[in-house]
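Visitor: File follows, target_4.tsv with TSV, C-alpha atoms:
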```tsv
chain	number	residue	atom	x	y	z
H	4	MET	CA	-29.89	59.36	8.23
H	5	GLY	CA	-26.36	58.78	9.44
H	6	LEU	CA	-24.48	59.63	6.30
H	7	GLU	CA	-26.19	62.96	5.72
H	8	SER	CA	-25.54	64.09	9.26
H	9	ALA	CA	-21.86	63.26	8.87
H	10	LEU	CA	-21.56	65.03	5.52
H	11	GLY	CA	-23.72	68.00	6.28
H	12	GLU	CA	-24.47	69.91	3.13
H	13	GLY	CA	-21.63	68.27	1.18
H	14	PHE	CA	-21.60	65.48	-1.39
H	15	LEU	CA	-19.40	62.59	-2.50
H	16	THR	CA	-17.96	61.95	-5.93
H	17	SER	CA	-17.09	58.58	-7.40
H	18	ARG	CA	-16.90	56.78	-10.68
H	19	VAL	CA	-19.80	54.60	-11.79
H	20	ASP	CA	-17.26	51.84	-12.39
H	21	SER	CA	-16.15	51.90	-8.77
H	22	LEU	CA	-19.69	51.90	-7.53
H	23	VAL	CA	-20.75	49.00	-9.75
H	24	ASN	CA	-17.57	47.03	-8.97
H	25	TRP	CA	-18.04	47.64	-5.26
H	26	ALA	CA	-21.55	46.24	-5.52
H	27	ARG	CA	-20.48	43.28	-7.63
H	28	ALA	CA	-17.48	42.43	-5.48
H	29	ASN	CA	-19.59	42.29	-2.36
H	30	ALA	CA	-22.35	40.17	-3.83
H	31	ALA	CA	-20.48	37.36	-5.53
H	32	TRP	CA	-22.79	34.43	-5.05
H	33	PRO	CA	-21.08	31.09	-5.55
H	34	MET	CA	-22.27	28.32	-7.80
H	35	PRO	CA	-21.08	25.20	-5.99
H	36	MET	CA	-19.72	22.60	-8.38
H	37	GLY	CA	-18.94	19.97	-5.77
H	38	LEU	CA	-17.40	16.95	-7.45
H	39	ALA	CA	-15.35	15.32	-4.70
H	40	CYS	CA	-14.00	15.74	-1.18
H	41	CYS	CA	-13.21	19.45	-1.75
H	42	ALA	CA	-16.97	19.98	-1.69
H	43	ILE	CA	-16.95	19.18	2.03
H	44	GLU	CA	-14.48	22.00	2.65
H	45	MET	CA	-16.57	24.21	0.41
H	46	MET	CA	-19.57	23.55	2.68
H	47	ALA	CA	-17.48	24.56	5.68
H	48	PHE	CA	-16.54	27.73	3.80
H	49	ALA	CA	-20.21	28.56	3.43
H	50	GLY	CA	-21.16	27.41	6.92
H	51	PRO	CA	-21.36	29.54	10.08
H	52	LYS	CA	-17.79	28.99	11.28
H	53	TYR	CA	-15.97	30.39	8.26
H	54	ASP	CA	-19.02	32.21	7.00
H	55	ALA	CA	-18.57	33.29	3.41
H	56	ALA	CA	-21.56	35.62	3.91
H	57	ARG	CA	-19.20	38.08	5.65
H	58	PHE	CA	-17.64	38.70	2.24
H	59	GLY	CA	-20.91	39.09	0.45
H	60	SER	CA	-21.04	35.56	-0.88
H	61	GLU	CA	-24.34	35.42	0.83
H	62	VAL	CA	-25.76	32.13	-0.38
H	63	MET	CA	-24.77	29.17	-2.47
H	64	ARG	CA	-27.02	29.25	-5.47
H	65	PHE	CA	-27.76	25.88	-7.01
H	66	SER	CA	-29.16	27.58	-10.05
H	67	PRO	CA	-26.53	28.83	-12.48
H	68	ARG	CA	-28.83	31.69	-13.47
H	69	GLN	CA	-28.51	33.29	-10.04
H	70	SER	CA	-24.81	32.89	-9.38
H	71	ASP	CA	-21.60	34.77	-10.17
H	72	VAL	CA	-18.67	32.62	-9.06
H	73	MET	CA	-18.34	28.97	-9.96
H	74	ILE	CA	-16.28	27.02	-7.46
H	75	VAL	CA	-15.12	23.83	-9.14
H	76	ALA	CA	-14.39	21.67	-6.11
H	77	GLY	CA	-12.95	18.32	-7.07
H	78	TRP	CA	-11.71	16.34	-10.01
H	79	SER	CA	-13.47	16.54	-13.31
H	80	THR	CA	-13.69	13.59	-15.65
H	81	TYR	CA	-14.00	14.06	-19.38
H	82	LYS	CA	-17.62	12.93	-19.12
H	83	MET	CA	-18.42	15.44	-16.38
H	84	SER	CA	-16.58	18.26	-18.14
H	85	HIS	CA	-19.45	18.62	-20.62
H	86	ALA	CA	-21.98	19.11	-17.81
H	87	ILE	CA	-19.71	21.63	-16.05
H	88	ARG	CA	-19.19	23.65	-19.20
H	89	ARG	CA	-22.91	23.60	-19.88
H	90	ILE	CA	-23.65	25.00	-16.43
H	91	TRP	CA	-20.88	27.58	-16.87
H	92	ASP	CA	-22.44	28.66	-20.16
H	93	GLN	CA	-25.79	29.11	-18.40
H	94	MET	CA	-24.36	31.52	-15.84
H	95	PRO	CA	-25.01	35.16	-16.74
H	96	ASP	CA	-22.08	37.49	-17.33
H	97	PRO	CA	-20.11	38.80	-15.54
H	98	LYS	CA	-18.91	35.55	-13.99
H	99	TRP	CA	-15.78	34.24	-12.37
H	100	CYS	CA	-14.34	30.83	-11.70
H	101	ILE	CA	-12.34	29.32	-8.84
H	102	ALA	CA	-10.48	26.04	-9.37
H	103	MET	CA	-10.47	24.65	-5.87
H	104	GLY	CA	-7.78	22.15	-4.90
H	105	ALA	CA	-5.08	20.22	-6.69
H	106	CYS	CA	-7.47	18.14	-8.80
H	107	ALA	CA	-9.44	21.01	-10.28
H	108	SER	CA	-6.25	23.00	-10.86
H	109	THR	CA	-4.02	20.34	-12.42
H	110	GLY	CA	-5.68	16.94	-12.25
H	111	GLY	CA	-3.85	16.31	-8.99
H	112	MET	CA	-3.21	12.72	-8.12
H	113	HIS	CA	-5.66	11.56	-10.80
H	114	ARG	CA	-3.02	11.35	-13.48
H	115	CYS	CA	-4.95	9.11	-15.82
H	116	TYR	CA	-6.85	8.86	-19.08
H	117	GLY	CA	-10.27	9.66	-17.67
H	118	VAL	CA	-9.61	12.87	-15.74
H	119	VAL	CA	-9.13	16.29	-17.30
H	120	GLN	CA	-5.73	17.56	-16.19
H	121	GLY	CA	-7.02	20.87	-14.87
H	122	VAL	CA	-10.39	22.51	-15.47
H	123	ASP	CA	-8.60	25.40	-17.21
H	124	ASN	CA	-8.65	23.14	-20.26
H	125	TYR	CA	-12.25	24.21	-20.81
H	126	LEU	CA	-13.06	26.96	-18.26
H	127	PRO	CA	-11.52	30.43	-17.87
H	128	VAL	CA	-10.23	30.08	-14.31
H	129	ASP	CA	-9.61	33.26	-12.30
H	130	ALA	CA	-8.22	31.84	-9.07
H	131	TYR	CA	-6.47	28.57	-8.29
H	132	ILE	CA	-6.31	27.16	-4.78
H	133	SER	CA	-3.60	24.71	-3.80
H	134	GLY	CA	-4.20	21.98	-1.27
H	135	CYS	CA	-5.75	18.55	-1.11
H	136	PRO	CA	-8.28	19.55	0.02
H	137	PRO	CA	-7.67	23.24	0.79
H	138	ARG	CA	-8.79	24.63	4.12
H	139	PRO	CA	-11.91	26.83	4.08
H	140	ASP	CA	-9.64	29.82	4.81
H	141	ALA	CA	-7.93	29.21	1.51
H	142	VAL	CA	-11.28	29.34	-0.27
H	143	LEU	CA	-12.02	32.63	1.49
H	144	HIS	CA	-8.63	33.86	0.33
H	145	ALA	CA	-9.47	32.94	-3.26
H	146	LEU	CA	-12.80	34.72	-2.90
H	147	MET	CA	-11.02	37.86	-1.66
H	148	LYS	CA	-8.61	37.64	-4.60
H	149	ILE	CA	-11.60	37.51	-6.91
H	150	GLN	CA	-13.05	40.55	-5.15
H	151	ASP	CA	-9.76	42.37	-5.77
H	152	LYS	CA	-9.95	41.36	-9.39
H	153	ILE	CA	-13.55	42.53	-9.73
H	154	LYS	CA	-12.58	45.92	-8.30
H	155	THR	CA	-10.01	46.47	-11.06
H	156	GLU	CA	-12.37	45.68	-13.90
H	157	HIS	CA	-13.94	48.10	-16.32
H	158	SER	CA	-17.55	47.25	-15.75
H	159	VAL	CA	-19.53	50.11	-17.28
H	160	MET	CA	-17.53	51.56	-20.12
H	161	LEU	CA	-14.54	50.22	-21.92
H	162	ASP	CA	-11.54	52.48	-22.46
H	163	THR	CA	-11.32	53.41	-26.09
G	2	MET	CA	-2.80	-31.87	-3.76
G	3	SER	CA	-2.17	-30.88	-0.16
G	4	LEU	CA	-4.11	-27.73	0.47
G	5	GLU	CA	-5.02	-26.22	3.78
G	6	GLN	CA	-8.61	-25.40	3.15
G	7	SER	CA	-11.95	-25.68	4.82
G	8	GLU	CA	-14.11	-28.78	4.64
G	9	SER	CA	-16.51	-26.99	2.35
G	10	LEU	CA	-13.86	-25.88	-0.13
G	11	LYS	CA	-12.30	-29.33	-0.11
G	12	LYS	CA	-15.67	-30.77	-0.99
G	13	THR	CA	-16.09	-28.24	-3.77
G	14	ILE	CA	-12.68	-28.95	-5.27
G	15	ASP	CA	-13.25	-32.69	-5.05
G	16	ALA	CA	-16.59	-32.31	-6.77
G	17	LEU	CA	-14.99	-30.21	-9.51
G	18	GLU	CA	-12.23	-32.78	-10.00
G	19	GLU	CA	-14.78	-35.54	-10.20
G	20	ASN	CA	-17.15	-33.84	-12.65
G	21	PHE	CA	-14.82	-31.65	-14.70
G	22	SER	CA	-11.52	-33.50	-14.67
G	23	ASP	CA	-10.92	-32.64	-18.34
G	24	HIS	CA	-11.54	-28.96	-17.85
G	25	LEU	CA	-9.92	-28.24	-14.50
G	26	LEU	CA	-6.44	-26.94	-15.26
G	27	GLU	CA	-5.01	-26.02	-11.89
G	28	VAL	CA	-6.02	-25.51	-8.28
G	29	TYR	CA	-3.84	-23.53	-5.93
G	30	GLN	CA	-3.94	-21.40	-2.81
G	31	SER	CA	-2.58	-17.93	-2.30
G	32	SER	CA	-3.00	-15.57	0.66
G	33	GLY	CA	-5.49	-17.95	2.19
G	34	ASP	CA	-7.80	-18.00	-0.82
G	35	THR	CA	-8.42	-20.89	-3.17
G	36	PHE	CA	-8.16	-20.44	-6.91
G	37	ALA	CA	-9.32	-22.83	-9.60
G	38	ARG	CA	-8.46	-22.28	-13.24
G	39	ILE	CA	-10.66	-23.94	-15.83
G	40	LYS	CA	-10.87	-24.12	-19.59
G	41	SER	CA	-12.99	-21.32	-20.96
G	42	GLU	CA	-15.33	-23.63	-22.89
G	43	ALA	CA	-16.44	-25.24	-19.62
G	44	LEU	CA	-17.16	-21.91	-17.91
G	45	LEU	CA	-20.94	-22.03	-18.09
G	46	ASP	CA	-21.17	-25.67	-17.02
G	47	VAL	CA	-18.84	-25.18	-14.08
G	48	CYS	CA	-20.66	-22.05	-12.95
G	49	LYS	CA	-24.02	-23.75	-13.17
G	50	PHE	CA	-22.66	-26.71	-11.25
G	51	LEU	CA	-21.17	-24.50	-8.52
G	52	LYS	CA	-24.37	-22.58	-8.10
G	53	GLU	CA	-26.81	-25.47	-8.17
G	54	LYS	CA	-24.85	-28.23	-6.47
G	55	ARG	CA	-22.43	-26.34	-4.23
G	56	HIS	CA	-24.59	-23.32	-3.34
G	57	PHE	CA	-22.27	-20.64	-4.72
G	58	VAL	CA	-25.30	-18.37	-5.10
G	59	TYR	CA	-23.48	-15.08	-4.73
G	60	LEU	CA	-21.18	-13.77	-7.43
G	61	ALA	CA	-19.31	-11.07	-5.53
G	62	ASP	CA	-17.20	-9.70	-8.36
G	63	ILE	CA	-15.73	-10.24	-11.80
G	64	ILE	CA	-12.18	-9.06	-12.36
G	65	GLY	CA	-10.25	-8.71	-15.59
G	66	THR	CA	-6.47	-8.93	-15.80
G	67	ASP	CA	-4.01	-8.23	-18.56
G	68	ARG	CA	-1.25	-10.80	-18.05
G	69	TYR	CA	0.69	-9.32	-20.99
G	70	THR	CA	1.82	-12.70	-22.27
G	71	SER	CA	1.92	-13.80	-25.89
G	72	ASN	CA	-0.52	-16.67	-25.28
G	73	ASP	CA	-3.78	-16.43	-23.37
G	74	ARG	CA	-3.18	-12.81	-22.56
G	75	PHE	CA	-6.37	-11.94	-20.70
G	76	GLU	CA	-7.62	-13.48	-17.52
G	77	VAL	CA	-11.11	-13.14	-16.06
G	78	ILE	CA	-11.59	-13.99	-12.41
G	79	TYR	CA	-14.96	-14.80	-10.85
G	80	ASN	CA	-15.19	-14.19	-7.12
G	81	LEU	CA	-17.79	-16.68	-5.86
G	82	LEU	CA	-19.30	-17.04	-2.41
G	83	ASN	CA	-21.03	-20.00	-0.90
G	84	LEU	CA	-23.39	-18.41	1.57
G	85	LYS	CA	-24.52	-21.64	3.20
G	86	GLU	CA	-21.07	-22.90	4.11
G	87	LYS	CA	-19.37	-19.51	4.14
G	88	SER	CA	-16.59	-20.28	1.71
G	89	ARG	CA	-15.08	-18.31	-1.13
G	90	LEU	CA	-13.74	-19.61	-4.43
G	91	PHE	CA	-11.96	-17.71	-7.17
G	92	LEU	CA	-12.65	-19.16	-10.58
G	93	LYS	CA	-10.25	-18.19	-13.35
G	94	VAL	CA	-10.37	-18.44	-17.11
G	95	TRP	CA	-7.84	-17.32	-19.68
G	96	CYS	CA	-8.63	-16.03	-23.12
G	97	ASP	CA	-6.69	-15.13	-26.20
G	98	GLU	CA	-5.52	-11.69	-27.28
G	99	GLN	CA	-6.76	-11.91	-30.87
G	100	GLU	CA	-10.34	-12.75	-30.08
G	101	PRO	CA	-11.04	-12.54	-26.37
G	102	VAL	CA	-14.52	-14.03	-26.11
G	103	LEU	CA	-16.14	-15.78	-23.17
G	104	GLU	CA	-19.63	-17.00	-22.41
G	105	SER	CA	-21.67	-14.58	-20.34
G	106	VAL	CA	-22.72	-15.88	-16.92
G	107	THR	CA	-25.68	-13.49	-16.72
G	108	SER	CA	-28.02	-16.45	-17.24
G	109	ILE	CA	-26.74	-17.87	-13.94
G	110	TRP	CA	-26.10	-14.70	-11.92
G	111	PRO	CA	-28.01	-11.74	-13.41
G	112	ARG	CA	-25.78	-9.31	-11.49
G	113	ALA	CA	-22.87	-10.29	-13.74
G	114	ASN	CA	-24.38	-7.85	-16.25
G	115	TRP	CA	-22.54	-4.72	-15.12
G	116	ASN	CA	-19.36	-6.56	-14.12
G	117	GLU	CA	-19.02	-8.08	-17.55
G	118	ARG	CA	-19.66	-4.73	-19.14
G	119	GLU	CA	-16.86	-3.30	-17.02
G	120	VAL	CA	-14.44	-6.05	-18.05
G	121	TYR	CA	-15.39	-5.36	-21.66
G	122	ASP	CA	-14.95	-1.63	-21.17
G	123	MET	CA	-11.48	-1.93	-19.65
G	124	PHE	CA	-9.98	-4.94	-21.46
G	125	GLY	CA	-12.09	-5.58	-24.53
G	126	VAL	CA	-13.08	-9.10	-23.51
G	127	ARG	CA	-16.41	-9.85	-25.17
G	128	PHE	CA	-19.16	-11.94	-23.59
G	129	ASN	CA	-21.47	-14.08	-25.70
G	130	ASN	CA	-25.20	-13.86	-25.00
G	131	HIS	CA	-24.87	-10.80	-22.83
G	132	PRO	CA	-28.24	-8.99	-22.65
G	133	ASP	CA	-26.82	-5.46	-22.88
G	134	HIS	CA	-23.32	-5.55	-24.29
G	135	ARG	CA	-22.22	-1.91	-24.18
G	136	ARG	CA	-19.44	0.08	-22.56
G	137	ILE	CA	-20.29	1.02	-18.98
G	138	PHE	CA	-17.94	3.88	-17.98
G	139	LEU	CA	-16.30	5.31	-21.06
G	140	PRO	CA	-18.09	7.06	-23.92
G	141	GLU	CA	-19.62	4.63	-26.38
G	142	ASP	CA	-17.53	5.95	-29.28
G	143	PHE	CA	-14.26	5.47	-27.38
G	144	GLN	CA	-12.03	3.17	-29.40
G	145	TYR	CA	-9.52	1.88	-26.88
G	146	PHE	CA	-9.44	-0.38	-23.84
G	147	PRO	CA	-7.69	1.66	-21.16
G	148	LEU	CA	-6.55	-1.03	-18.72
G	149	ARG	CA	-4.62	-2.92	-21.38
G	150	LYS	CA	-0.93	-2.59	-20.64
G	151	GLU	CA	-0.03	-0.89	-23.90
G	152	PHE	CA	-2.50	1.95	-23.28
G	153	PRO	CA	-0.66	5.13	-22.21
G	154	LEU	CA	-1.21	6.41	-18.68
G	155	LEU	CA	-2.61	9.78	-19.73
G	156	GLY	CA	-4.70	8.33	-22.53
G	157	ILE	CA	-4.55	9.15	-26.19
G	158	PRO	CA	-4.87	12.91	-26.79
G	159	GLY	CA	-8.14	13.79	-28.45
G	160	SER	CA	-9.68	10.35	-27.96
G	161	ILE	CA	-12.28	11.79	-25.55
G	162	GLU	CA	-13.74	15.11	-26.49
G	163	LEU	CA	-13.55	18.18	-24.27
G	164	PRO	CA	-16.52	20.55	-24.30
G	165	ASN	CA	-16.74	23.30	-26.86
G	166	THR	CA	-15.39	26.51	-25.33
G	167	THR	CA	-16.70	28.92	-27.91
G	168	PRO	CA	-20.38	29.77	-27.65
G	169	ASP	CA	-22.73	28.43	-30.30
G	170	ILE	CA	-23.91	31.08	-32.67
G	171	ASP	CA	-27.11	30.13	-34.42
```
Starting from the coordinates I provided, produce the structure as structure tokens.
Guide:
Amino acid sequence: MGLESALGEGFLTSRVDSLVNWARANAAWPMPMGLACCAIEMMAFAGPKYDAARFGSEVMRFSPRQSDVMIVAGWSTYKMSHAIRRIWDQMPDPKWCIAMGACASTGGMHRCYGVVQGVDNYLPVDAYISGCPPRPDAVLHALMKIQDKIKTEHSVMLDT
Amino acid sequence: MSLEQSESLKKTIDALEENFSDHLLEVYQSSGDTFARIKSEALLDVCKFLKEKRHFVYLADIIGTDRYTSNDRFEVIYNLLNLKEKSRLFLKVWCDEQEPVLESVTSIWPRANWNEREVYDMFGVRFNNHPDHRRIFLPEDFQYFPLRKEFPLLGIPGSIELPNTTPDID
């Protein structure tokens, strides 16, 4: 094998945390929560041109049980917020959340009684993306920010 | 009345004036469309007449308006199409703020069902004899009518529930 021939008789040391975080950061499968036009950009982000698979977000998983990152793409009404939270609650820990675009981040142009003014009113958002809608590169950027965040987490043992 | 309107609309207005002279309040044109305002108690009769005698078989839309006046505050507009002669007529009725009630036209055009529910949802105008008189968009326990002018832009805090963000522990 390649690695052994390069190392010879030696060995590598690491922390379990780093190893687990490395694995988690490079296998963050998105849960697409496409609610409006941002969902079209989110499809481009997953498609072959921008190719989220390069960053380990291999496939969009339409089952919350199999996904790690929820991308809320679009505006969320009060009625829809209950469904979104329900799906979020079904995702297994550890999980992360991206609020994609102006509407998911702040309510955007939908400044009215029926639209929640930012999904952070009921979801713990890790990354916000500006834009209306954001370019797929911006979604990749948010994904990379989330990877950075995952790499700083204590995943195996908490400091006491 | 000197209106620039098609033969078909002229005929319709003449027929309305002939049959409902007591109930026809005003007829006017704006942006190339013809509007006829009638008394609300004659709504069903006029609609039936327009559909059966003047072939207005297609009810394209029902619109509610808050005129924000002290009398006859709410207005309901029926967007009617005559498919045979290709003409469009807007029928208007006003109703009071205290008890905004109109007759439902679902017996004439069944598709009025959802439109009337929407007008009720947004303005609180009730429709007698409606087969399914519920809110259509907002939660059923919502207590306000959001398109009324006095309703605040961002709604009333707490009037629609957000999901529970702490997990249930059973």
Visitor: One decimal, in Å: what's the spacing between atom CA of H:Arg138 and atom CA of H:Pro95?
Guide: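 One can read the atom CA of H:Arg138 to atom CA of H:Pro95 distance as 28.4 Å.
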Visitor: With distances taken over only C-alpha atoms, which residue among G:Tyr79, G:Phe21, G:Phe36, G:Tyr29 lies nearest G:Ser105?
Guide: G:Tyr79
Visitor: Please provide as a ChimeraX atom specification all residues within 10 Å of G:Arg149, with the sequence filter that same-chain residues fewer than 6 positions apart are discarded (counting only C-alpha atoms).
Guide: /G:65-69,75,123-125
Visitor: Using all atoms listed in the file, which chain G residues lie at most 7 Å away from chain H, written as a list in words?
Guide: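 In the required form, that comes to Leu154, Leu155, Gly156, Ile161, Leu163, Pro164 and Thr166 of chain G.
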Visitor: Could you check the closest approach to H:Cys135 for each of H:Leu6, H:Ser17, H:Gly111, H:Gln69 and tell me which residue wins, using all atoms listed in the file?
Guide: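 Under the stated criterion, the closest residue is H:Gly111.
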Visitor: Please, which residues are within 12 Å of (-15.8, -29.1, -17.3) by the file's coordinates, counting only C-alpha atoms, and could they come as a PyMOL selection string?
Guide: chain G and resi 16-26+37-51+94
Visitor: Record the distance separating atom CA of H:Leu22 and atom CA of H:Lys152, expressed in Å with one decimal.
Guide: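 Between atom CA of H:Leu22 and atom CA of H:Lys152 the gap is 14.5 Å.
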Visitor: One number please: atom CA of G:Ile157 to atom CA of G:Leu139, in Å, one decimal.
Guide: 13.4 Å
Visitor: My list of candidates is H:Gly13, H:Pro136, H:Gly59, H:Gly50. Which is closest to H:Met103 when distances are computed with only C-alpha atoms?
Guide: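 The shortest atom-to-atom distance to H:Met103 comes from H:Pro136.
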Visitor: Which residue gives the smallest distance to G:Ser9 among G:Phe143, G:Trp115, G:Trp95, G:Phe57, with only C-alpha atoms counted?
Guide: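 Among G:Phe143, G:Trp115, G:Trp95, G:Phe57, it is G:Phe57 that comes nearest to G:Ser9.
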Visitor: For stretch 97-153 of chain G, write C-alpha atoms out as a CSV table (one decimal), in the first residue's frame.
Guide:
```csv
chain,number,residue,atom,x,y,z
G,97,ASP,CA,-70.8,47.1,6.3
G,98,GLU,CA,-68.0,46.9,8.8
G,99,GLN,CA,-70.1,45.8,11.8
G,100,GLU,CA,-71.6,42.7,10.1
G,101,PRO,CA,-70.0,42.1,6.7
G,102,VAL,CA,-72.3,39.4,5.3
G,103,LEU,CA,-73.0,38.5,1.7
G,104,GLU,CA,-74.8,35.7,0.0
G,105,SER,CA,-72.5,33.0,-1.3
G,106,VAL,CA,-72.5,32.6,-5.1
G,107,THR,CA,-71.3,29.0,-4.8
G,108,SER,CA,-74.8,27.8,-5.9
G,109,ILE,CA,-74.2,29.6,-9.2
G,110,TRP,CA,-70.4,29.1,-9.7
G,111,PRO,CA,-69.1,26.2,-7.6
G,112,ARG,CA,-65.6,27.5,-8.0
G,113,ALA,CA,-66.5,30.5,-5.8
G,114,ASN,CA,-65.9,28.2,-2.9
G,115,TRP,CA,-62.2,28.9,-2.4
G,116,ASN,CA,-62.3,32.5,-3.5
G,117,GLU,CA,-65.0,33.3,-0.9
G,118,ARG,CA,-63.0,31.4,1.8
G,119,GLU,CA,-60.0,33.6,0.9
G,120,VAL,CA,-62.1,36.8,1.1
G,121,TYR,CA,-63.3,35.6,4.5
G,122,ASP,CA,-59.8,34.7,5.6
G,123,MET,CA,-58.3,38.1,4.7
G,124,PHE,CA,-61.2,40.5,5.4
G,125,GLY,CA,-63.7,38.7,7.6
G,126,VAL,CA,-66.5,39.0,5.1
G,127,ARG,CA,-68.9,36.1,5.8
G,128,PHE,CA,-70.9,34.3,3.1
G,129,ASN,CA,-74.3,32.9,3.8
G,130,ASN,CA,-75.0,29.3,2.6
G,131,HIS,CA,-71.3,28.6,1.9
G,132,PRO,CA,-70.8,24.8,1.8
G,133,ASP,CA,-67.4,24.9,3.6
G,134,HIS,CA,-67.0,28.2,5.5
G,135,ARG,CA,-63.5,27.9,7.0
G,136,ARG,CA,-60.3,29.9,6.7
G,137,ILE,CA,-58.2,28.8,3.7
G,138,PHE,CA,-54.6,30.1,4.3
G,139,LEU,CA,-54.2,31.0,7.9
G,140,PRO,CA,-54.5,28.7,10.9
G,141,GLU,CA,-58.1,28.0,11.9
G,142,ASP,CA,-57.5,29.4,15.4
G,143,PHE,CA,-56.1,32.7,14.1
G,144,GLN,CA,-58.2,35.6,15.4
G,145,TYR,CA,-57.5,38.4,13.0
G,146,PHE,CA,-58.1,39.4,9.4
G,147,PRO,CA,-54.7,40.4,8.1
G,148,LEU,CA,-55.6,42.4,5.0
G,149,ARG,CA,-57.7,44.8,7.0
G,150,LYS,CA,-56.0,48.2,7.1
G,151,GLU,CA,-55.7,48.4,10.9
G,152,PHE,CA,-53.7,45.1,11.0
G,153,PRO,CA,-50.0,45.7,11.6
```
